[in-house]
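input18.cif follows; it contains mmCIF, C-alpha atoms.
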```cif
data_data
#
loop_
_atom_site.label_atom_id
_atom_site.label_comp_id
_atom_site.auth_asym_id
_atom_site.auth_seq_id
_atom_site.Cartn_x
_atom_site.Cartn_y
_atom_site.Cartn_z
CA MET A 640 10.15 11.18 -7.38
CA SER A 641 6.40 10.83 -7.50
CA ASN A 642 4.71 12.93 -4.84
CA SER A 643 1.90 10.42 -4.13
CA ILE A 644 1.85 6.66 -4.62
CA LEU A 645 -0.78 4.06 -3.79
CA ILE A 646 0.47 0.51 -3.30
CA LYS A 647 -2.67 -1.57 -3.78
CA ASP A 648 -3.57 -5.04 -2.60
CA VAL A 649 -0.68 -6.24 -0.43
CA ARG A 650 -0.44 -8.44 2.64
CA LEU A 651 1.20 -7.56 5.94
CA LEU A 652 2.93 -9.68 8.57
CA GLY A 653 0.56 -10.73 11.30
CA ALA A 654 -2.56 -10.18 9.20
CA ALA A 655 -5.02 -12.90 8.26
CA ALA A 656 -4.45 -14.61 4.91
CA ASP A 657 -7.51 -12.96 3.43
CA SER A 658 -6.62 -9.50 4.77
CA HIS A 659 -5.21 -7.26 2.06
CA VAL A 660 -4.36 -3.58 2.43
CA ASP A 661 -3.45 -0.49 0.43
CA ILE A 662 -0.52 1.73 1.45
CA LEU A 663 -0.63 5.44 0.64
CA VAL A 664 2.71 7.24 0.30
CA GLU A 665 2.96 11.02 0.10
CA GLY A 666 6.14 13.05 0.06
CA GLY A 667 8.26 10.00 0.84
CA VAL A 668 6.25 9.15 3.99
CA ILE A 669 3.59 6.51 4.67
CA THR A 670 0.38 8.45 5.28
CA GLY A 671 -2.24 5.70 5.19
CA ILE A 672 -2.67 1.93 5.54
CA THR A 673 -6.22 0.72 5.01
CA ALA A 674 -8.07 -2.37 3.90
CA THR A 675 -8.02 -2.79 0.14
CA GLY A 676 -11.02 -1.09 -1.37
CA GLU A 677 -11.41 1.43 1.43
CA ASP A 678 -10.41 5.06 0.87
CA PRO A 679 -7.23 5.67 2.96
CA THR A 680 -7.92 9.40 3.42
CA GLY A 681 -11.66 9.59 3.84
CA GLN A 682 -11.92 11.28 0.48
CA GLU A 683 -10.95 10.29 -3.03
CA PRO A 684 -7.16 10.82 -3.15
CA THR A 685 -5.36 12.34 -6.08
CA VAL A 686 -2.68 9.72 -6.63
CA GLU A 687 0.02 10.16 -9.24
CA THR A 688 1.17 6.53 -9.30
CA VAL A 689 -0.57 3.24 -8.52
CA ILE A 690 1.53 0.11 -7.86
CA ALA A 691 -0.29 -3.20 -8.18
CA GLY A 692 0.68 -5.33 -5.19
CA ASN A 693 -1.16 -8.42 -6.48
CA GLY A 694 -1.16 -9.99 -3.04
CA ARG A 695 2.57 -9.69 -2.49
CA LEU A 696 3.90 -9.31 1.05
CA ALA A 697 4.75 -5.70 1.93
CA LEU A 698 7.58 -5.27 4.42
CA PRO A 699 9.79 -2.47 5.70
CA GLY A 700 13.14 -2.48 3.95
CA LEU A 701 15.91 -4.43 5.65
CA VAL A 702 18.53 -2.42 7.56
CA ASN A 703 22.13 -3.64 7.26
CA ALA A 704 23.70 -2.02 10.31
CA HIS A 705 27.35 -2.75 9.50
CA ASN A 706 29.26 -2.86 6.25
CA HIS A 707 32.38 -1.82 4.35
CA ILE A 708 30.97 -1.75 0.82
CA GLY A 709 34.14 -0.38 -0.75
CA MET A 710 35.63 -3.79 0.03
CA THR A 711 33.44 -5.34 -2.66
CA ILE A 712 36.51 -5.14 -4.92
CA LEU A 713 38.22 -7.49 -2.42
CA ARG A 714 35.48 -10.12 -2.38
CA SER A 715 37.17 -13.54 -2.14
CA TYR A 716 40.59 -11.96 -2.62
CA SER A 717 41.79 -13.54 0.62
CA ASP A 718 39.60 -16.06 2.42
CA ASP A 719 40.12 -18.46 5.33
CA LEU A 720 42.51 -16.44 7.51
CA PRO A 721 42.29 -15.14 11.10
CA LEU A 722 41.11 -11.53 11.39
CA TRP A 723 44.35 -9.74 12.23
CA GLN A 724 46.45 -11.70 9.73
CA TRP A 725 43.74 -11.09 7.12
CA LEU A 726 43.75 -7.37 7.84
CA ARG A 727 47.47 -6.71 8.22
CA GLU A 728 48.85 -9.01 5.54
CA LYS A 729 46.08 -8.92 2.92
CA MET A 730 43.47 -6.17 3.27
CA TRP A 731 45.43 -3.13 4.40
CA PRO A 732 48.25 -3.40 1.80
CA VAL A 733 45.74 -3.52 -1.08
CA GLU A 734 43.52 -0.84 0.44
CA ASP A 735 46.48 1.55 0.37
CA ARG A 736 46.29 1.30 -3.45
CA LEU A 737 42.56 1.92 -3.83
CA THR A 738 41.31 5.20 -5.25
CA GLU A 739 38.08 7.07 -4.64
CA GLU A 740 36.89 5.89 -8.05
CA ASP A 741 37.57 2.27 -7.04
CA VAL A 742 35.48 2.71 -3.90
CA TYR A 743 32.71 4.44 -5.84
CA ILE A 744 32.39 1.62 -8.40
CA ALA A 745 32.65 -1.05 -5.71
CA SER A 746 29.91 0.75 -3.80
CA LEU A 747 27.57 0.74 -6.80
CA VAL A 748 27.98 -3.01 -7.20
CA ALA A 749 27.38 -3.55 -3.49
CA ILE A 750 24.30 -1.34 -3.52
CA ALA A 751 22.88 -3.26 -6.48
CA GLU A 752 23.33 -6.47 -4.48
CA MET A 753 21.67 -4.97 -1.41
CA LEU A 754 18.73 -3.48 -3.31
CA ARG A 755 18.09 -6.80 -5.03
CA GLY A 756 17.74 -8.37 -1.59
CA GLY A 757 15.48 -5.69 -0.18
CA THR A 758 18.04 -3.79 1.90
CA THR A 759 17.03 -0.13 1.88
CA THR A 760 19.44 1.21 4.51
CA PHE A 761 23.03 0.32 5.29
CA ALA A 762 25.70 1.61 7.65
CA ASP A 763 29.23 1.89 6.34
CA MET A 764 32.70 2.52 7.74
CA TYR A 765 35.55 2.95 5.28
CA PHE A 766 37.75 5.53 3.57
CA HIS A 767 37.21 7.51 0.34
CA MET A 768 33.74 8.05 1.75
CA GLN A 769 32.96 10.68 -0.86
CA GLY A 770 32.92 7.81 -3.34
CA VAL A 771 30.47 5.88 -1.17
CA ALA A 772 28.28 8.95 -0.72
CA LYS A 773 28.25 9.55 -4.47
CA ALA A 774 27.03 5.99 -5.04
CA VAL A 775 24.35 6.44 -2.37
CA GLU A 776 23.09 9.64 -3.96
CA GLU A 777 22.93 8.10 -7.44
CA SER A 778 21.32 4.81 -6.39
CA GLY A 779 18.53 6.10 -4.14
CA ILE A 780 19.45 3.91 -1.15
CA ARG A 781 19.61 5.22 2.44
CA ALA A 782 22.91 5.16 4.36
CA VAL A 783 24.66 5.97 7.61
CA LEU A 784 28.27 6.76 6.72
CA SER A 785 31.44 6.93 8.80
CA ARG A 786 34.98 7.67 7.74
CA GLY A 787 37.02 4.85 9.30
CA LEU A 788 39.55 6.31 11.75
CA GLN A 789 42.85 4.84 12.96
CA GLY A 790 45.45 6.43 15.19
CA LEU A 791 48.42 4.14 14.56
CA SER A 792 49.53 4.80 11.00
CA GLY A 793 50.17 8.55 11.11
CA THR A 794 47.01 9.26 9.10
CA GLY A 795 44.77 9.90 12.10
CA THR A 796 44.67 13.68 11.77
CA ALA A 797 43.83 13.50 8.07
CA GLY A 798 41.09 10.99 8.84
CA LEU A 799 39.56 13.30 11.43
CA ARG A 800 39.54 16.14 8.91
CA GLU A 801 37.83 13.93 6.33
CA ALA A 802 35.29 12.79 8.93
CA GLU A 803 34.44 16.39 9.78
CA ALA A 804 34.09 17.27 6.10
CA LEU A 805 31.69 14.34 5.64
CA VAL A 806 29.52 15.53 8.54
CA THR A 807 29.55 19.09 7.22
CA GLU A 808 28.64 18.12 3.66
CA TYR A 809 25.87 15.66 4.43
CA GLY A 810 24.28 17.15 7.53
CA GLY A 811 20.59 17.54 6.73
CA HIS A 812 20.67 15.17 3.74
CA ASP A 813 17.37 13.33 3.31
CA ARG A 814 18.98 9.88 2.91
CA ILE A 815 22.46 10.18 4.41
CA THR A 816 23.39 10.55 8.07
CA VAL A 817 26.90 10.50 9.48
CA MET A 818 28.61 8.99 12.53
CA LEU A 819 32.25 8.94 13.60
CA GLY A 820 33.98 5.60 13.06
CA PRO A 821 37.11 4.86 15.11
CA HIS A 822 38.16 1.46 13.82
CA SER A 823 38.68 -0.43 17.08
CA PRO A 824 40.29 -0.12 20.52
CA VAL A 825 43.43 -1.82 19.21
CA THR A 826 43.96 0.72 16.40
CA CYS A 827 42.98 3.82 18.39
CA PRO A 828 45.36 4.75 21.24
CA PRO A 829 44.13 6.96 24.10
CA GLU A 830 45.30 10.29 22.73
CA PHE A 831 43.57 9.59 19.43
CA LEU A 832 40.34 8.50 21.10
CA ARG A 833 40.33 11.78 23.01
CA GLU A 834 40.41 13.62 19.69
CA VAL A 835 37.55 11.49 18.36
CA VAL A 836 35.45 12.26 21.44
CA LYS A 837 36.16 15.99 21.14
CA LEU A 838 35.09 15.95 17.49
CA SER A 839 31.96 13.97 18.35
CA GLU A 840 31.05 16.57 20.97
CA ARG A 841 31.67 19.49 18.65
CA LEU A 842 29.78 18.00 15.70
CA GLU A 843 27.08 16.42 17.88
CA VAL A 844 27.28 13.02 16.19
CA PRO A 845 27.46 9.53 17.76
CA ILE A 846 30.21 6.95 17.39
CA GLN A 847 30.39 3.43 15.96
CA THR A 848 33.35 1.08 16.38
CA HIS A 849 34.36 -2.57 16.10
CA LEU A 850 34.44 -3.91 19.66
CA ALA A 851 35.68 -7.11 21.26
CA GLU A 852 35.62 -8.86 17.90
CA THR A 853 38.36 -11.36 18.74
CA GLN A 854 39.97 -12.88 21.79
CA THR A 855 43.27 -11.41 20.57
CA GLU A 856 41.82 -7.90 20.87
CA VAL A 857 40.67 -8.60 24.42
CA GLU A 858 44.10 -9.95 25.37
CA GLU A 859 46.00 -7.03 23.85
CA ILE A 860 43.88 -4.41 25.61
CA ALA A 861 44.13 -6.32 28.90
CA ARG A 862 47.91 -6.55 28.53
CA ASP A 863 48.40 -2.87 27.69
CA TYR A 864 45.71 -1.21 29.82
CA GLN A 865 44.41 -3.85 32.29
CA LEU A 866 40.89 -3.18 30.96
CA THR A 867 38.34 -4.86 28.72
CA PRO A 868 37.92 -3.19 25.31
CA LEU A 869 34.61 -1.66 26.44
CA GLU A 870 36.13 -0.39 29.69
CA TYR A 871 38.96 1.10 27.63
CA LEU A 872 36.46 3.07 25.53
CA ASP A 873 34.63 4.14 28.66
CA LYS A 874 37.82 5.43 30.25
CA TRP A 875 38.33 7.86 27.39
CA GLY A 876 34.75 9.09 27.25
CA VAL A 877 33.49 7.23 24.17
CA LEU A 878 30.44 5.77 25.92
CA ASP A 879 29.29 9.25 26.88
CA ARG A 880 28.85 10.10 23.20
CA GLY A 881 26.39 7.34 22.27
CA LEU A 882 28.09 4.17 21.02
CA MET A 883 27.12 1.52 18.50
CA ALA A 884 29.39 -1.46 19.24
CA ILE A 885 29.90 -3.73 16.24
CA HIS A 886 30.50 -7.47 16.76
CA SER A 887 30.76 -7.49 20.59
CA VAL A 888 31.71 -11.16 20.57
CA HIS A 889 33.90 -11.40 23.67
CA LEU A 890 32.09 -9.58 26.48
CA SER A 891 32.30 -10.06 30.22
CA PRO A 892 29.19 -9.86 32.45
CA SER A 893 30.44 -6.46 33.63
CA ASP A 894 30.70 -5.33 30.00
CA ILE A 895 27.04 -6.19 29.45
CA ALA A 896 26.10 -4.26 32.60
CA LEU A 897 28.12 -1.28 31.34
CA MET A 898 26.40 -1.45 27.95
CA GLN A 899 23.07 -1.48 29.74
CA GLU A 900 24.03 1.53 31.86
CA TYR A 901 25.14 3.64 28.87
CA GLU A 902 22.47 2.34 26.46
CA VAL A 903 25.13 1.10 24.08
CA THR A 904 23.64 -0.56 21.00
CA VAL A 905 25.16 -3.63 19.36
CA VAL A 906 25.41 -4.93 15.80
CA HIS A 907 25.59 -8.70 15.44
CA CYS A 908 27.48 -9.97 12.35
CA PRO A 909 27.20 -13.75 12.65
CA THR A 910 28.44 -14.79 9.20
CA SER A 911 31.58 -12.66 9.32
CA ASN A 912 32.34 -13.72 12.90
CA LEU A 913 32.05 -17.38 11.91
CA LYS A 914 34.07 -17.04 8.71
CA LEU A 915 36.93 -15.27 10.49
CA GLY A 916 36.81 -17.72 13.39
CA SER A 917 36.13 -14.89 15.81
CA GLY A 918 33.37 -16.54 17.83
CA ILE A 919 29.68 -15.96 18.47
CA ALA A 920 28.32 -12.88 20.22
CA PRO A 921 26.22 -13.42 23.39
CA VAL A 922 23.08 -12.07 21.74
CA PRO A 923 20.53 -13.76 24.04
CA GLN A 924 22.27 -12.32 27.10
CA LEU A 925 22.41 -8.86 25.53
CA GLN A 926 18.73 -8.96 24.62
CA ALA A 927 17.82 -10.24 28.09
CA ALA A 928 19.57 -7.16 29.47
CA GLY A 929 17.40 -4.91 27.29
CA ILE A 930 20.22 -3.97 24.93
CA THR A 931 19.21 -3.20 21.34
CA VAL A 932 20.89 -5.65 18.97
CA GLY A 933 20.76 -5.07 15.23
CA LEU A 934 22.15 -7.14 12.37
CA GLY A 935 24.86 -6.52 9.80
CA THR A 936 26.59 -8.47 7.10
CA ASP A 937 30.01 -6.85 7.57
CA GLY A 938 31.93 -6.25 4.35
CA PRO A 939 31.98 -8.37 1.18
CA ALA A 940 35.56 -9.46 1.89
CA SER A 941 34.67 -11.18 5.16
CA ASN A 942 31.14 -12.46 4.59
CA ASN A 943 31.28 -12.64 1.42
CA ASP A 944 27.83 -11.52 0.38
CA LEU A 945 25.49 -8.76 1.54
CA ASP A 946 22.41 -10.93 1.97
CA MET A 947 20.45 -9.87 5.05
CA TRP A 948 18.06 -12.80 4.60
CA GLU A 949 20.93 -15.20 5.22
CA GLU A 950 22.09 -13.11 8.18
CA MET A 951 18.62 -13.07 9.69
CA ARG A 952 18.16 -16.83 9.36
CA LEU A 953 21.62 -17.54 10.79
CA ALA A 954 20.97 -15.21 13.74
CA ALA A 955 17.79 -17.15 14.48
CA LEU A 956 19.53 -20.54 14.29
CA ILE A 957 23.03 -20.20 15.68
CA HIS A 958 22.13 -19.19 19.22
CA LYS A 959 19.67 -22.06 19.50
CA GLY A 960 22.41 -24.49 18.57
CA VAL A 961 25.29 -23.24 20.71
CA ASN A 962 23.05 -22.76 23.76
CA LEU A 963 21.06 -26.00 23.25
CA ASP A 964 17.86 -23.97 23.55
CA PRO A 965 15.37 -23.80 20.65
CA LEU A 966 13.50 -20.94 22.34
CA LEU A 967 16.30 -18.41 21.88
CA VAL A 968 16.09 -15.73 19.15
CA PRO A 969 12.70 -16.75 17.75
CA ALA A 970 11.71 -15.78 14.23
CA GLU A 971 9.94 -12.59 15.30
CA THR A 972 13.04 -11.44 17.19
CA ALA A 973 15.35 -12.16 14.25
CA TRP A 974 13.03 -10.19 11.96
CA GLN A 975 13.05 -7.23 14.33
CA MET A 976 16.86 -7.40 14.51
CA ALA A 977 17.05 -7.07 10.71
CA THR A 978 14.69 -4.10 10.59
CA VAL A 979 13.55 -1.94 13.50
CA ASP A 980 16.33 -2.97 15.92
CA SER A 981 19.02 -2.25 13.33
CA ALA A 982 17.39 1.11 12.69
CA ARG A 983 17.33 1.92 16.41
CA ALA A 984 20.94 0.82 16.78
CA LEU A 985 21.78 3.46 14.18
CA GLY A 986 19.68 6.10 15.92
CA LEU A 987 17.05 6.12 13.14
CA THR A 988 13.52 6.26 14.52
CA ASP A 989 11.46 6.67 11.35
CA ILE A 990 12.41 3.54 9.40
CA GLY A 991 12.30 -0.21 10.00
CA GLU A 992 8.52 -0.43 10.36
CA LEU A 993 5.48 -0.14 8.14
CA LYS A 994 3.29 2.36 9.90
CA VAL A 995 1.85 5.80 9.30
CA GLY A 996 4.49 8.48 9.80
CA CYS A 997 7.46 6.29 8.87
CA LYS A 998 9.63 6.89 5.85
CA ALA A 999 8.35 5.00 2.83
CA ASP A 1000 11.13 2.41 2.69
CA VAL A 1001 9.00 -0.48 1.46
CA ILE A 1002 9.74 -3.79 -0.23
CA LEU A 1003 7.33 -6.17 -1.92
CA VAL A 1004 8.03 -9.90 -1.69
CA ASP A 1005 6.63 -12.60 -3.96
CA ILE A 1006 5.27 -15.25 -1.60
CA GLN A 1007 3.36 -17.32 -4.16
CA GLN A 1008 6.22 -19.80 -4.40
CA PRO A 1009 6.80 -23.40 -3.24
CA HIS A 1010 9.18 -22.48 -0.42
CA TRP A 1011 6.54 -20.15 1.05
CA THR A 1012 3.82 -22.81 0.92
CA PRO A 1013 1.79 -23.45 3.01
CA GLN A 1014 1.51 -20.02 4.58
CA LEU A 1015 0.68 -20.99 8.14
CA ASP A 1016 2.95 -18.37 9.77
CA LEU A 1017 4.31 -15.67 7.49
CA THR A 1018 6.96 -14.60 9.99
CA GLY A 1019 8.26 -18.15 10.20
CA ASN A 1020 8.19 -18.43 6.39
CA LEU A 1021 10.03 -15.11 6.15
CA VAL A 1022 12.89 -15.93 8.50
CA TYR A 1023 13.38 -19.65 7.94
CA SER A 1024 12.59 -20.07 4.23
CA GLY A 1025 12.49 -16.61 2.65
CA LYS A 1026 15.21 -15.60 0.21
CA ALA A 1027 16.67 -12.40 -1.14
CA ALA A 1028 15.55 -13.41 -4.65
CA ASP A 1029 11.92 -13.22 -3.50
CA VAL A 1030 12.09 -9.41 -3.44
CA SER A 1031 10.43 -7.95 -6.53
CA LEU A 1032 10.08 -4.24 -5.76
CA VAL A 1033 12.05 -1.84 -3.57
CA MET A 1034 11.06 1.69 -2.62
CA VAL A 1035 13.28 4.07 -0.64
CA ASN A 1036 12.01 7.40 0.62
CA GLY A 1037 8.97 7.03 -1.61
CA GLN A 1038 10.98 6.37 -4.78
CA VAL A 1039 10.93 3.01 -6.56
CA VAL A 1040 14.57 2.00 -7.04
CA LEU A 1041 14.13 -1.64 -8.06
CA GLU A 1042 11.27 -3.24 -9.96
CA ASP A 1043 10.91 -6.73 -11.40
CA GLY A 1044 14.50 -7.49 -10.48
CA GLU A 1045 15.89 -4.44 -12.30
CA VAL A 1046 17.86 -1.69 -10.60
CA LEU A 1047 16.37 1.49 -11.98
CA LEU A 1048 18.66 4.43 -11.23
CA PHE A 1049 22.06 3.23 -12.46
CA ASP A 1050 23.60 0.66 -14.80
CA GLU A 1051 24.63 -2.24 -12.60
CA THR A 1052 26.02 -4.24 -15.52
CA GLU A 1053 28.42 -1.46 -16.41
CA ALA A 1054 29.44 -1.09 -12.76
CA MET A 1055 30.17 -4.82 -12.51
CA SER A 1056 32.26 -4.74 -15.68
CA ARG A 1057 34.28 -1.79 -14.45
CA LEU A 1058 34.87 -3.42 -11.07
CA GLN A 1059 36.07 -6.65 -12.68
CA ARG A 1060 38.51 -4.75 -14.90
CA ARG A 1061 39.88 -2.78 -11.97
CA ALA A 1062 40.33 -5.91 -9.81
CA GLU A 1063 42.34 -7.45 -12.62
CA GLU A 1064 44.45 -4.29 -12.99
CA LEU A 1065 45.26 -4.45 -9.27
CA GLY A 1066 46.34 -8.08 -9.68
CA LEU A 1067 43.69 -9.40 -7.29
CA THR A 1068 42.55 -12.37 -9.37
CA LYS A 1069 43.99 -15.79 -8.69
CA GLY A 1070 43.58 -17.15 -12.21
#
```

Will you turn the file into structure tokens for me?
Amino acid sequence: MSNSILIKDVRLLGAAADSHVDILVEGGVITGITATGEDPTGQEPTVETVIAGNGRLALPGLVNAHNHIGMTILRSYSDDLPLWQWLREKMWPVEDRLTEEDVYIASLVAIAEMLRGGTTTFADMYFHMQGVAKAVEESGIRAVLSRGLQGLSGTGTAGLREAEALVTEYGGHDRITVMLGPHSPVTCPPEFLREVVKLSERLEVPIQTHLAETQTEVEEIARDYQLTPLEYLDKWGVLDRGLMAIHSVHLSPSDIALMQEYEVTVVHCPTSNLKLGSGIAPVPQLQAAGITVGLGTDGPASNNDLDMWEEMRLAALIHKGVNLDPLLVPAETAWQMATVDSARALGLTDIGELKVGCKADVILVDIQQPHWTPQLDLTGNLVYSGKAADVSLVMVNGQVVLEDGEVLLFDETEAMSRLQRRAEELGLTKG
């Protein structure tokens, strides 16, 4: 990785059309942002690499706050089913046959897709997480990883051991952080949740889980425990550990108040929730309560792509439509959800923004295109007409990992070929 990089002649959101800047990166961190032509350090810098921005739009990398990238091998394997039927009858039986190598190759393909769209950080919950971590290390992307944990199938203890090993191995890594990932209230009975909380306390790591994703989940927890799913987690101490609640579609007013009290963060996955017929999360109400709401695609088997540009645009549109209020989730809010709010939901405070002191996770976007013209409001252009294909350069931690549409650190074509062959070997194709 180059120690010092100068990104010359780029535009920033909120700046005047004729305002161009240079961004100085040193040791993987942004150390200067100054008007083009001005010296960012007060003295002539010794720069090892100069990147010509040519008036492109510089943005912080997108942060995909929820994913299961190992499920890339299951993309379009089983569409158009309700969540629990989809999981129990289709996903889980095939997942029992997947190997660590399968998850590794699927992860490389997913990472290539994300990098091409300017996603520089993703959060993942799955199994064979060593395969995911290997793909992260090789590709240069940033990740927050969790071993998915379930307490119903007799594999809960093994999962907890694997989760602890993941924390131990990657604690202190410069691009990988780790959380604990109990799957959901429905798959984690009380005694198992107690073990998760104990491990979280001992390892000093927070927790992420799917929460209140479907009405069925709410009804099952109410039937068995006379609680909402969030109250169920609270009863067993999960909220005390710092919780990121994924989906959060079916919440009561008291749930929102409880989230506010415990500073629970939420990840909104609108495409997946729509495709699975789960509903639409009450994002405007959550944001009005001061709750941090990030954005995620969910996995490639329930979305089915990993395009954060689509997710951002949908998040800006859907709440306007269902609430009959065009003022809800404006473009600026949707953009923050896809970047800094997703980062904060994950507990990451040094990414998601372009400012001095932040990690150099930077993307350059080609805005000299018809769908960006005229450029009257770049934030509006970005959210309502921008596309993943507009991204032309991606830098993570000060290292360029994609340039001119080419993934630089691994062979994505070979990874795609291997994944196709393996999907056919598993009998997943319909042809």

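The coordinates place atom CA of A:Thr931 at 16.7 Å from atom CA of A:Glu950.
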
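Selection result for the displayed file, with the PyMOL selection byres ((chain A and resi 810-812) around 12) as criterion, is Ala772, Val775, Glu776, Arg781, Ala782, Val783, Leu784, Ala802, Glu803, Ala804, Leu805, Val806, Thr807, Glu808, Tyr809, Asp813, Arg814, Ile815, Thr816, Val817, Met818, Leu842, Glu843 and Val844 of chain A.
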
- Message: Selection in question (the file shown): the PyMOL selection byres ((chain A and resi 943) around 9). Which residues does it include, as a ChimeraX atom specification?
- Response: /A:711,714-715,910-911,914,936-942,944-945

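For the choices A:Ile712, A:Ile750, A:Leu866, A:Leu967, the atom-to-atom distance to A:Thr738 is smallest for A:Ile712 when using only C-alpha atoms.
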
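Distance check against A:Gly770 using only C-alpha atoms: of A:Ser746, A:Ser887, A:Asn693, A:Ser917, the minimum falls on A:Ser746.
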
- Item | Sel. within 10 Å of pt (19.6, -15.6, 25.1), counting only C-alpha atoms, output as a PyMOL selection string | chain A and resi 921-928+958-959+962+964+966-968

Counting only C-alpha atoms, what are the residues of stretch 804-921 of chain A within 6 Å of stretch 790-795 of chain A, and for each of them which pair of atoms is the nearest and at what distance in Å, to one decimal? Sort the table by chain and rising number, as JSON lines.
```
{"residue": "A:Thr826", "atom": "CA", "partner": "A:Leu791", "partner_atom": "CA", "distance": 5.9}
{"residue": "A:Cys827", "atom": "CA", "partner": "A:Gly790", "partner_atom": "CA", "distance": 4.8}
{"residue": "A:Phe831", "atom": "CA", "partner": "A:Gly790", "partner_atom": "CA", "distance": 5.6}
```

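Between A:Val649 and the candidates A:Thr685, A:Trp948, A:Arg1057, A:Asp1005, the tightest atom-to-atom separation, counting only C-alpha atoms, involves A:Asp1005.
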
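With the shown file loaded, the PyMOL selection byres ((chain A and resi 1019) around 12) picks out Leu652, Gly653, Met951, Arg952, Ala955, Pro969, Ala970, Glu971, Thr972, Ala973, Trp974, His1010, Trp1011, Thr1012, Pro1013, Gln1014, Leu1015, Asp1016, Leu1017, Thr1018, Asn1020, Leu1021, Val1022, Tyr1023, Ser1024 and Gly1025 of chain A.
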
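Here atom CA of A:Gln1059 is placed at a distance of 17.3 Å from atom CA of A:Ala774.
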
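For the choices A:Tyr871, A:Pro829, A:Leu713, A:Tyr864, the atom-to-atom distance to A:Glu1063 is smallest for A:Leu713 when using all atoms listed in the file.
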
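Rounded to one decimal, atom CA of A:Ser839 and atom CA of A:Arg786 lie 12.7 Å from each other.
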
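Using all atoms listed in the file, the contacts of A:Gly929 at a cut-off of 12 Å, with sequence neighbours closer than 4 positions omitted, comprise Ile895, Ala896, Met898, Gln899, Glu900, Tyr901, Glu902, Val903, Thr904, Val905, Val922, Pro923, Gln924, Leu925 and Asp980 of chain A.
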